[in-house]
file data.txt (compact mmCIF, C-alpha atoms and all ligand atoms)
# COMPACT_ATOMS: atom_id res chain seq x y z
CA MET A 284 0.00 0.00 0.00
CA LYS A 285 1.11 3.53 -0.71
CA PHE A 286 0.15 6.28 1.72
CA VAL A 287 0.79 10.01 1.78
CA PHE A 288 0.66 11.75 5.17
CA ILE A 289 -0.18 15.47 5.15
CA GLY A 290 -0.52 17.74 8.17
CA PRO A 291 0.96 20.82 9.80
CA PRO A 292 4.41 20.67 11.43
CA GLY A 293 4.15 18.88 14.76
CA ALA A 294 0.70 17.40 14.05
CA GLY A 295 1.96 13.93 14.96
CA LYS A 296 2.71 12.54 11.49
CA GLY A 297 6.07 11.04 12.46
CA THR A 298 4.69 9.60 15.70
CA GLN A 299 1.76 7.88 13.98
CA ALA A 300 3.79 6.90 10.89
CA GLU A 301 6.13 4.80 13.03
CA ARG A 302 3.22 2.71 14.33
CA ILE A 303 1.35 2.48 11.01
CA CYS A 304 4.49 1.21 9.27
CA ALA A 305 5.47 -1.23 12.02
CA GLU A 306 2.01 -2.78 12.19
CA ASN A 307 1.54 -2.99 8.43
CA ASN A 308 5.04 -3.95 7.34
CA ILE A 309 5.56 -0.96 5.08
CA LYS A 310 8.41 1.54 5.06
CA GLN A 311 8.24 5.14 6.29
CA LEU A 312 9.88 7.72 4.04
CA SER A 313 10.36 11.01 5.88
CA THR A 314 11.89 13.76 3.74
CA GLY A 315 12.64 15.71 6.94
CA ASP A 316 14.63 12.77 8.38
CA ILE A 317 16.57 12.28 5.14
CA LEU A 318 17.39 16.00 4.98
CA ARG A 319 18.48 16.08 8.65
CA HIS A 320 20.74 13.09 7.98
CA ASN A 321 22.30 14.95 5.04
CA VAL A 322 22.85 18.03 7.19
CA LYS A 323 24.51 15.85 9.84
CA ILE A 324 26.94 14.17 7.43
CA GLY A 325 27.63 17.49 5.65
CA SER A 326 26.68 16.31 2.13
CA GLU A 327 26.21 18.87 -0.67
CA LEU A 328 22.42 18.50 -0.31
CA GLY A 329 22.73 18.93 3.46
CA LYS A 330 24.78 22.11 3.10
CA VAL A 331 22.12 23.69 0.87
CA ALA A 332 19.15 22.34 2.85
CA LYS A 333 20.43 23.51 6.25
CA GLU A 334 19.81 27.20 5.57
CA TYR A 335 16.22 26.59 4.45
CA MET A 336 15.42 24.23 7.30
CA THR A 337 16.74 26.37 10.14
CA SER A 338 14.68 29.32 8.93
CA GLY A 339 11.55 27.17 8.49
CA ARG A 340 11.39 27.52 4.68
CA LEU A 341 10.87 24.68 2.23
CA VAL A 342 13.91 23.22 0.48
CA PRO A 343 13.62 23.88 -3.32
CA ASP A 344 11.34 21.47 -5.19
CA ASN A 345 13.98 20.25 -7.68
CA LEU A 346 16.29 19.06 -4.87
CA ILE A 347 13.44 17.28 -3.07
CA ILE A 348 12.13 15.60 -6.22
CA ASP A 349 15.59 14.28 -7.16
CA MET A 350 16.06 13.03 -3.60
CA ILE A 351 12.71 11.17 -3.65
CA LYS A 352 13.42 9.60 -7.05
CA GLU A 353 16.72 8.24 -5.78
CA GLU A 354 15.32 7.06 -2.45
CA LEU A 355 12.33 5.23 -3.96
CA ASN A 356 14.68 3.21 -6.14
CA SER A 357 15.59 1.22 -3.04
CA PRO A 358 14.01 -2.25 -2.70
CA LEU A 359 13.15 -1.28 0.89
CA TYR A 360 9.97 0.36 -0.44
CA SER A 361 8.82 -2.50 -2.67
CA ASN A 362 6.25 -3.70 -0.11
CA GLY A 363 4.68 -0.24 0.11
CA PHE A 364 5.45 3.04 1.84
CA LEU A 365 4.14 5.92 3.83
CA LEU A 366 5.40 9.31 2.71
CA ASP A 367 5.81 11.61 5.71
CA GLY A 368 6.50 15.21 4.65
CA PHE A 369 6.28 14.72 0.88
CA PRO A 370 4.78 16.03 -1.31
CA ARG A 371 4.60 19.50 0.21
CA THR A 372 3.86 21.67 -2.81
CA ILE A 373 1.74 21.28 -5.95
CA PRO A 374 4.85 20.94 -8.20
CA GLN A 375 6.13 18.14 -5.91
CA ALA A 376 2.75 16.35 -6.13
CA GLN A 377 2.68 16.67 -9.92
CA ALA A 378 6.23 15.35 -10.26
CA PHE A 379 5.34 12.46 -7.94
CA ASP A 380 2.24 11.58 -9.99
CA GLU A 381 4.43 11.44 -13.12
CA LEU A 382 6.89 9.16 -11.33
CA LEU A 383 4.13 6.82 -10.17
CA GLN A 384 2.66 6.71 -13.69
CA LYS A 385 6.03 5.60 -15.03
CA PHE A 386 5.96 2.68 -12.60
CA ASN A 387 2.32 2.02 -13.46
CA THR A 388 1.17 2.48 -9.89
CA LYS A 389 -0.76 5.02 -7.77
CA ILE A 390 -1.32 6.36 -4.26
CA ASP A 391 -3.93 4.41 -2.29
CA LEU A 392 -4.77 6.95 0.42
CA VAL A 393 -3.86 10.47 1.56
CA LEU A 394 -4.15 10.93 5.32
CA LEU A 395 -4.75 14.53 6.39
CA LEU A 396 -4.01 15.04 10.09
CA ASP A 397 -5.86 18.08 11.40
CA VAL A 398 -4.52 19.97 14.45
CA SER A 399 -5.01 23.66 15.37
CA ASP A 400 -2.09 26.10 15.27
CA GLU A 401 -2.26 26.69 19.08
CA GLU A 402 -1.97 22.96 19.80
CA ILE A 403 0.96 22.74 17.35
CA ILE A 404 2.93 25.29 19.36
CA THR A 405 2.36 23.25 22.55
CA ARG A 406 3.33 19.99 20.89
CA ILE A 407 6.47 21.26 19.18
CA SER A 408 7.81 23.17 22.16
CA GLY A 409 7.69 19.92 24.18
CA ARG A 410 9.03 17.67 21.45
CA ARG A 411 12.21 15.72 22.15
CA ILE A 412 13.94 13.20 19.86
CA CYS A 413 16.39 10.38 20.56
CA LYS A 414 19.61 10.72 18.55
CA THR A 415 20.27 7.01 18.91
CA CYS A 416 16.96 5.43 17.89
CA ASN A 417 15.27 8.47 16.26
CA ARG A 418 12.04 7.98 18.24
CA VAL A 419 9.91 11.08 18.92
CA PHE A 420 8.71 11.99 22.41
CA HIS A 421 6.95 14.82 24.22
CA VAL A 422 8.00 15.98 27.69
CA VAL A 423 4.37 15.81 28.91
CA PHE A 424 2.26 13.71 26.48
CA ASN A 425 4.77 10.97 25.64
CA PRO A 426 7.81 11.29 27.95
CA PRO A 427 11.18 9.86 26.90
CA PRO A 428 12.08 6.53 28.58
CA ASP A 429 14.84 5.88 31.03
CA PRO A 430 18.01 6.32 28.88
CA LYS A 431 18.94 2.67 29.35
CA GLU A 432 15.66 1.52 27.76
CA CYS A 433 16.50 2.94 24.34
CA ASP A 434 15.96 0.39 21.53
CA LYS A 435 19.53 0.81 20.29
CA GLY A 436 21.56 1.48 23.43
CA ILE A 437 21.54 4.70 25.40
CA CYS A 438 18.88 7.31 24.61
CA ASP A 439 20.41 10.68 23.72
CA ILE A 440 17.55 13.17 23.82
CA TYR A 441 17.71 16.48 21.92
CA GLN A 442 15.50 19.32 20.67
CA ARG A 443 15.41 20.14 16.93
CA ASP A 444 17.00 23.45 15.79
CA ASP A 445 13.81 24.42 13.92
CA ASP A 446 11.55 23.88 16.96
CA LYS A 447 11.96 27.42 18.32
CA GLU A 448 8.56 29.15 18.59
CA GLU A 449 9.35 31.86 16.01
CA THR A 450 10.51 29.29 13.44
CA VAL A 451 7.49 27.08 14.16
CA ARG A 452 5.14 30.01 13.47
CA HIS A 453 6.88 30.51 10.13
CA ARG A 454 6.63 26.79 9.32
CA LEU A 455 2.89 26.98 10.03
CA GLU A 456 2.56 29.90 7.60
CA VAL A 457 4.45 27.93 4.96
CA TYR A 458 2.13 24.96 5.59
CA HIS A 459 -1.04 27.02 5.11
CA ASN A 460 0.26 28.78 1.97
CA GLN A 461 2.16 26.03 0.18
CA THR A 462 1.07 22.63 1.47
CA LYS A 463 -2.66 23.06 2.28
CA PRO A 464 -3.50 23.43 -1.47
CA LEU A 465 -2.61 19.73 -1.76
CA VAL A 466 -5.84 18.89 0.06
CA GLU A 467 -7.82 20.21 -2.91
CA TYR A 468 -5.40 18.54 -5.35
CA TYR A 469 -5.89 15.10 -3.79
CA SER A 470 -9.59 15.62 -2.93
CA SER A 471 -10.27 16.00 -6.64
CA GLN A 472 -8.88 12.44 -6.97
CA SER A 473 -11.07 11.26 -4.02
CA LEU A 474 -8.02 10.18 -2.06
CA VAL A 475 -8.22 12.24 1.16
CA ALA A 476 -9.17 10.91 4.60
CA HIS A 477 -9.60 13.73 7.17
CA ILE A 478 -8.33 12.73 10.62
CA ASP A 479 -8.95 14.70 13.81
CA GLY A 480 -5.45 14.80 15.36
CA ILE A 481 -6.59 15.84 18.84
CA GLY A 482 -6.67 13.09 21.45
CA SER A 483 -4.37 10.44 22.85
CA LEU A 484 -1.88 8.67 20.57
CA ASP A 485 -4.12 5.56 20.61
CA GLU A 486 -7.30 7.51 19.84
CA VAL A 487 -5.67 9.21 16.85
CA TYR A 488 -4.22 5.90 15.65
CA ASP A 489 -7.66 4.23 15.80
CA ARG A 490 -9.16 7.05 13.73
CA ILE A 491 -6.41 6.64 11.13
CA LYS A 492 -6.86 2.88 11.05
CA SER A 493 -10.59 3.19 10.41
CA HIS A 494 -9.73 4.67 6.99
CA PHE A 495 -7.37 1.91 5.88
CA PRO A 496 -8.42 -0.14 2.89
CA SER A 497 -9.37 -3.65 4.06
CA LYS A 498 -6.08 -5.17 2.82
CA VAL A 499 -3.08 -3.07 3.88
P1 LIG B 1 9.73 17.72 8.66
O1 LIG B 1 10.75 16.98 9.43
O2 LIG B 1 8.90 17.01 7.66
O3 LIG B 1 8.83 18.51 9.71
P2 LIG B 1 7.28 18.84 9.76
O4 LIG B 1 6.39 18.47 8.64
O5 LIG B 1 7.34 20.27 10.07
O6 LIG B 1 6.75 17.89 10.78
P3 LIG B 1 7.36 17.54 12.14
O7 LIG B 1 8.40 16.48 12.01
O8 LIG B 1 7.78 18.83 12.82
O9 LIG B 1 6.08 17.05 12.93
P4 LIG B 1 5.23 15.70 12.91
O10 LIG B 1 3.90 15.97 12.29
O11 LIG B 1 6.01 14.54 12.38
O12 LIG B 1 4.97 15.57 14.48
P5 LIG B 1 5.62 14.58 15.57
O13 LIG B 1 5.12 13.19 15.36
O14 LIG B 1 7.09 14.79 15.66
O15 LIG B 1 10.42 18.94 7.87
C1 LIG B 1 11.40 19.77 8.47
C2 LIG B 1 11.94 20.74 7.41
O16 LIG B 1 12.57 19.99 6.34
C3 LIG B 1 10.89 21.61 6.71
O17 LIG B 1 10.58 22.77 7.46
C4 LIG B 1 11.59 21.91 5.38
O18 LIG B 1 12.57 22.90 5.54
C5 LIG B 1 12.31 20.58 5.08
N1 LIG B 1 11.48 19.67 4.27
C6 LIG B 1 11.04 18.43 4.63
N2 LIG B 1 10.31 17.87 3.65
C7 LIG B 1 10.29 18.77 2.63
C8 LIG B 1 9.67 18.78 1.35
N3 LIG B 1 8.93 17.74 0.90
N4 LIG B 1 9.84 19.88 0.58
C9 LIG B 1 10.59 20.93 0.99
N5 LIG B 1 11.20 20.99 2.20
C10 LIG B 1 11.05 19.90 3.02
O19 LIG B 1 4.87 15.15 16.88
C11 LIG B 1 5.18 16.44 17.39
C12 LIG B 1 5.16 16.43 18.93
O20 LIG B 1 3.81 16.19 19.38
C13 LIG B 1 6.01 15.29 19.54
O21 LIG B 1 6.59 15.74 20.71
C14 LIG B 1 4.98 14.18 19.85
O22 LIG B 1 5.39 13.36 20.94
C15 LIG B 1 3.73 15.00 20.19
N6 LIG B 1 2.48 14.34 19.83
C16 LIG B 1 2.23 13.56 18.74
N7 LIG B 1 0.95 13.14 18.75
C17 LIG B 1 0.37 13.70 19.86
C18 LIG B 1 -0.94 13.65 20.44
N8 LIG B 1 -1.93 12.94 19.86
N9 LIG B 1 -1.18 14.34 21.58
C19 LIG B 1 -0.18 15.06 22.17
N10 LIG B 1 1.08 15.14 21.70
C20 LIG B 1 1.36 14.46 20.55
call {"tool": "encode", "arguments": {"input": "data.txt", "output": "structure tokens"}}
result
Amino acid sequence: MKFVFIGPPGAGKGTQAERICAENNIKQLSTGDILRHNVKIGSELGKVAKEYMTSGRLVPDNLIIDMIKEELNSPLYSNGFLLDGFPRTIPQAQAFDELLQKFNTKIDLVLLLDVSDEEIITRISGRRICKTCNRVFHVVFNPPPDPKECDKGICDIYQRDDDKEETVRHRLEVYHNQTKPLVEYYSSQSLVAHIDGIGSLDEVYDRIKSHFPSKV
């Protein structure tokens, strides 16, 4: 199955994507994670992307599209995938449709996670991530475990550079102006499932699950 996950920054896409993929044996593809990895290793892409990411702007479409084309070549995605953070603009969605057509395949479902801007600020300001296992936590709603209980050794918890309130407000603006138009784009193909993102992690997951096609 091929899913696209759309929602504002900090809506809980990454958190829910982890569970959806684990329970359905498909692979998560997060453009944000790939870009952060490139920034960390200092690749050419990472050097360019860093400036956009720290100021809360979108990385240029051509770089993202090339990155996705290369990534999706991997056999890791042959059983299906969930795209977390892509597409994010109409040109990205159009380029992705062309790519899928070439492979004679299509998206099965677009999940739209709906959370208000005020709640986003609360969620992102409390977000913490483990450098070792990459899991996402929240200081109040989903606290990080004892460091020794990390899946891959010792948890090393950090806060993302772009999670400062001012940057988050800019990311929200970018979402409303550049990414929200995708809802109309995919609605015209009858692909969108609207999910209320307010509630416990389990409640939100159950709502998402109720939209899955019978055979995922
Ligand atoms: P990216 O990494 O994609 O960030 P984002 O879309 O802004 O989304 P986040 O990762 O911030 O949030 P999330 O929805 O995954 O929420 P999470 O699960 O962590 O992109 C970063 C940057 O990279 C962009 O700004 C851009 O520069 C660049 N980029 C990436 N893709 C691009 C593209 N396609 N084109 C161009 N540029 C691109 O949850 C957030 C917090 O809330 C956590 O603490 C979590 O524990 C908590 N939480 C989750 N669910 C709940 C709940 N139900 N109740 C309470 N708390 C909850």
call {"tool": "closest_residue", "arguments": {"input": "data.txt", "among": "A:Leu341, A:Ile440, A:Ala305, A:Ile403", "to": "ligand LIG 1 (chain B)", "atoms": "only C-alpha atoms and all ligand atoms"}}
result
A:Leu341
call {"tool": "residues_near_point", "arguments": {"input": "data.txt", "point": "(17.8, 9.4, 18.0)", "cutoff": "12 Å", "atoms": "all atoms listed in the file", "output": "PyMOL selection string"}}
result
chain A and resi 316+319-320+411-420+427+430+433-443
call {"tool": "closest_atom_pairs", "arguments": {"input": "data.txt", "of": "chain A", "to": "ligand LIG 1 (chain B)", "cutoff": "7 Å", "atoms": "all atoms listed in the file", "output": "Markdown table"}}
result
| residue | atom | partner | partner_atom | distance |
| --- | --- | --- | --- | --- |
| A:Gly290 | CA | B:LIG1 | O10 | 6.3 |
| A:Pro291 | CA | B:LIG1 | O4 | 6.0 |
| A:Pro292 | CA | B:LIG1 | O5 | 3.3 |
| A:Gly293 | CA | B:LIG1 | O9 | 3.2 |
| A:Ala294 | CA | B:LIG1 | O10 | 3.9 |
| A:Gly295 | CA | B:LIG1 | O13 | 3.3 |
| A:Lys296 | CA | B:LIG1 | O10 | 3.7 |
| A:Gly297 | CA | B:LIG1 | O11 | 3.5 |
| A:Thr298 | CA | B:LIG1 | O13 | 3.6 |
| A:Gln299 | CA | B:LIG1 | O13 | 6.4 |
| A:Ser313 | CA | B:LIG1 | O2 | 6.4 |
| A:Thr314 | CA | B:LIG1 | N2 | 4.4 |
| A:Gly315 | CA | B:LIG1 | O1 | 3.4 |
| A:Asp316 | CA | B:LIG1 | O1 | 5.8 |
| A:Leu318 | CA | B:LIG1 | O16 | 6.4 |
| A:Tyr335 | CA | B:LIG1 | O18 | 5.3 |
| A:Met336 | CA | B:LIG1 | O18 | 3.6 |
| A:Gly339 | CA | B:LIG1 | O17 | 4.6 |
| A:Arg340 | CA | B:LIG1 | O18 | 4.8 |
| A:Leu341 | CA | B:LIG1 | N5 | 3.7 |
| A:Val342 | CA | B:LIG1 | N5 | 3.9 |
| A:Pro343 | CA | B:LIG1 | C9 | 6.0 |
| A:Asp344 | CA | B:LIG1 | N4 | 6.2 |
| A:Ile347 | CA | B:LIG1 | N4 | 5.7 |
| A:Asp367 | CA | B:LIG1 | O2 | 6.5 |
| A:Gly368 | CA | B:LIG1 | O2 | 4.2 |
| A:Phe369 | CA | B:LIG1 | N3 | 4.0 |
| A:Pro370 | CA | B:LIG1 | N3 | 5.0 |
| A:Arg371 | CA | B:LIG1 | N3 | 4.7 |
| A:Arg406 | CA | B:LIG1 | O20 | 4.1 |
| A:Ile407 | CA | B:LIG1 | C12 | 5.0 |
| A:Gly409 | CA | B:LIG1 | O21 | 5.5 |
| A:Arg410 | CA | B:LIG1 | O21 | 3.2 |
| A:Arg411 | CA | B:LIG1 | O21 | 5.8 |
| A:Val419 | CA | B:LIG1 | O22 | 5.5 |
| A:Phe420 | CA | B:LIG1 | O22 | 3.9 |
| A:His421 | CA | B:LIG1 | O21 | 3.6 |
| A:Phe424 | CA | B:LIG1 | N10 | 5.1 |
| A:Asn425 | CA | B:LIG1 | O22 | 5.3 |
| A:Arg454 | CA | B:LIG1 | O17 | 5.9 |
| A:Gly480 | CA | B:LIG1 | N8 | 6.0 |
| A:Ile481 | CA | B:LIG1 | N8 | 5.6 |
| A:Gly482 | CA | B:LIG1 | N8 | 5.0 |
| A:Ser483 | CA | B:LIG1 | N8 | 4.6 |
| A:Leu484 | CA | B:LIG1 | N8 | 4.3 |
| A:Val487 | CA | B:LIG1 | N8 | 6.1 |
call {"tool": "residues_around", "arguments": {"input": "data.txt", "residues": "Asn308 in chain A", "least_positions_apart": "3", "cutoff": "10 Å", "atoms": "all atoms listed in the file", "output": "MDAnalysis selection string"}}
result
chainID A and resid 284 302:305 311 362:364 499
call {"tool": "atom_distance", "arguments": {"input": "data.txt", "atom1": "CA of Asp446 in chain A", "atom2": "CA of Glu467 in chain A"}}
result
28.0 Å
call {"tool": "atom_distance", "arguments": {"input": "data.txt", "atom1": "CA of Asp429 in chain A", "atom2": "CA of Val451 in chain A"}}
result
28.1 Å
call {"tool": "atom_distance", "arguments": {"input": "data.txt", "atom1": "CA of Leu392 in chain A", "atom2": "CA of Lys285 in chain A"}}
result
6.9 Å
call {"tool": "residues_around", "arguments": {"input": "data.txt", "residues": "Val475 in chain A", "least_positions_apart": "4", "cutoff": "9 Å", "atoms": "only C-alpha atoms", "output": "PyMOL selection string"}}
result
chain A and resi 392-395+466-467+469-471
call {"tool": "closest_residue", "arguments": {"input": "data.txt", "among": "A:Thr450, A:Asn460, A:Ser473, A:Ser497", "to": "Thr337 in chain A", "atoms": "all atoms listed in the file"}}
result
A:Thr450
call {"tool": "closest_residue", "arguments": {"input": "data.txt", "among": "A:Leu328, A:Asp445, A:His459, A:Asp397", "to": "Ile491 in chain A", "atoms": "all atoms listed in the file"}}
result
A:Asp397
call {"tool": "axis_aligned_box", "arguments": {"input": "data.txt", "around": "range 409-422 of chain A", "padding_each_side": "6 Å", "output": "AutoDock Vina command-line options"}}
result
--center_x 13.6 --center_y 12.7 --center_z 22.0 --size_x 25.3 --size_y 26.5 --size_z 23.4
call {"tool": "closest_residue", "arguments": {"input": "data.txt", "among": "A:Ile390, A:Ala378, A:Val398, A:Val423", "to": "Asp479 in chain A", "atoms": "all atoms listed in the file"}}
result
A:Val398
call {"tool": "closest_residue", "arguments": {"input": "data.txt", "among": "A:Ile348, A:Leu312, A:Ile404, A:Leu355", "to": "Thr372 in chain A", "atoms": "only C-alpha atoms"}}
result
A:Ile348
call {"tool": "residues_around", "arguments": {"input": "data.txt", "residues": "Tyr468 in chain A", "least_positions_apart": "6", "cutoff": "10 Å", "atoms": "only C-alpha atoms", "output": "list in words"}}
result
Ile373, Ala376, Gln377, Leu474 and Val475 of chain A
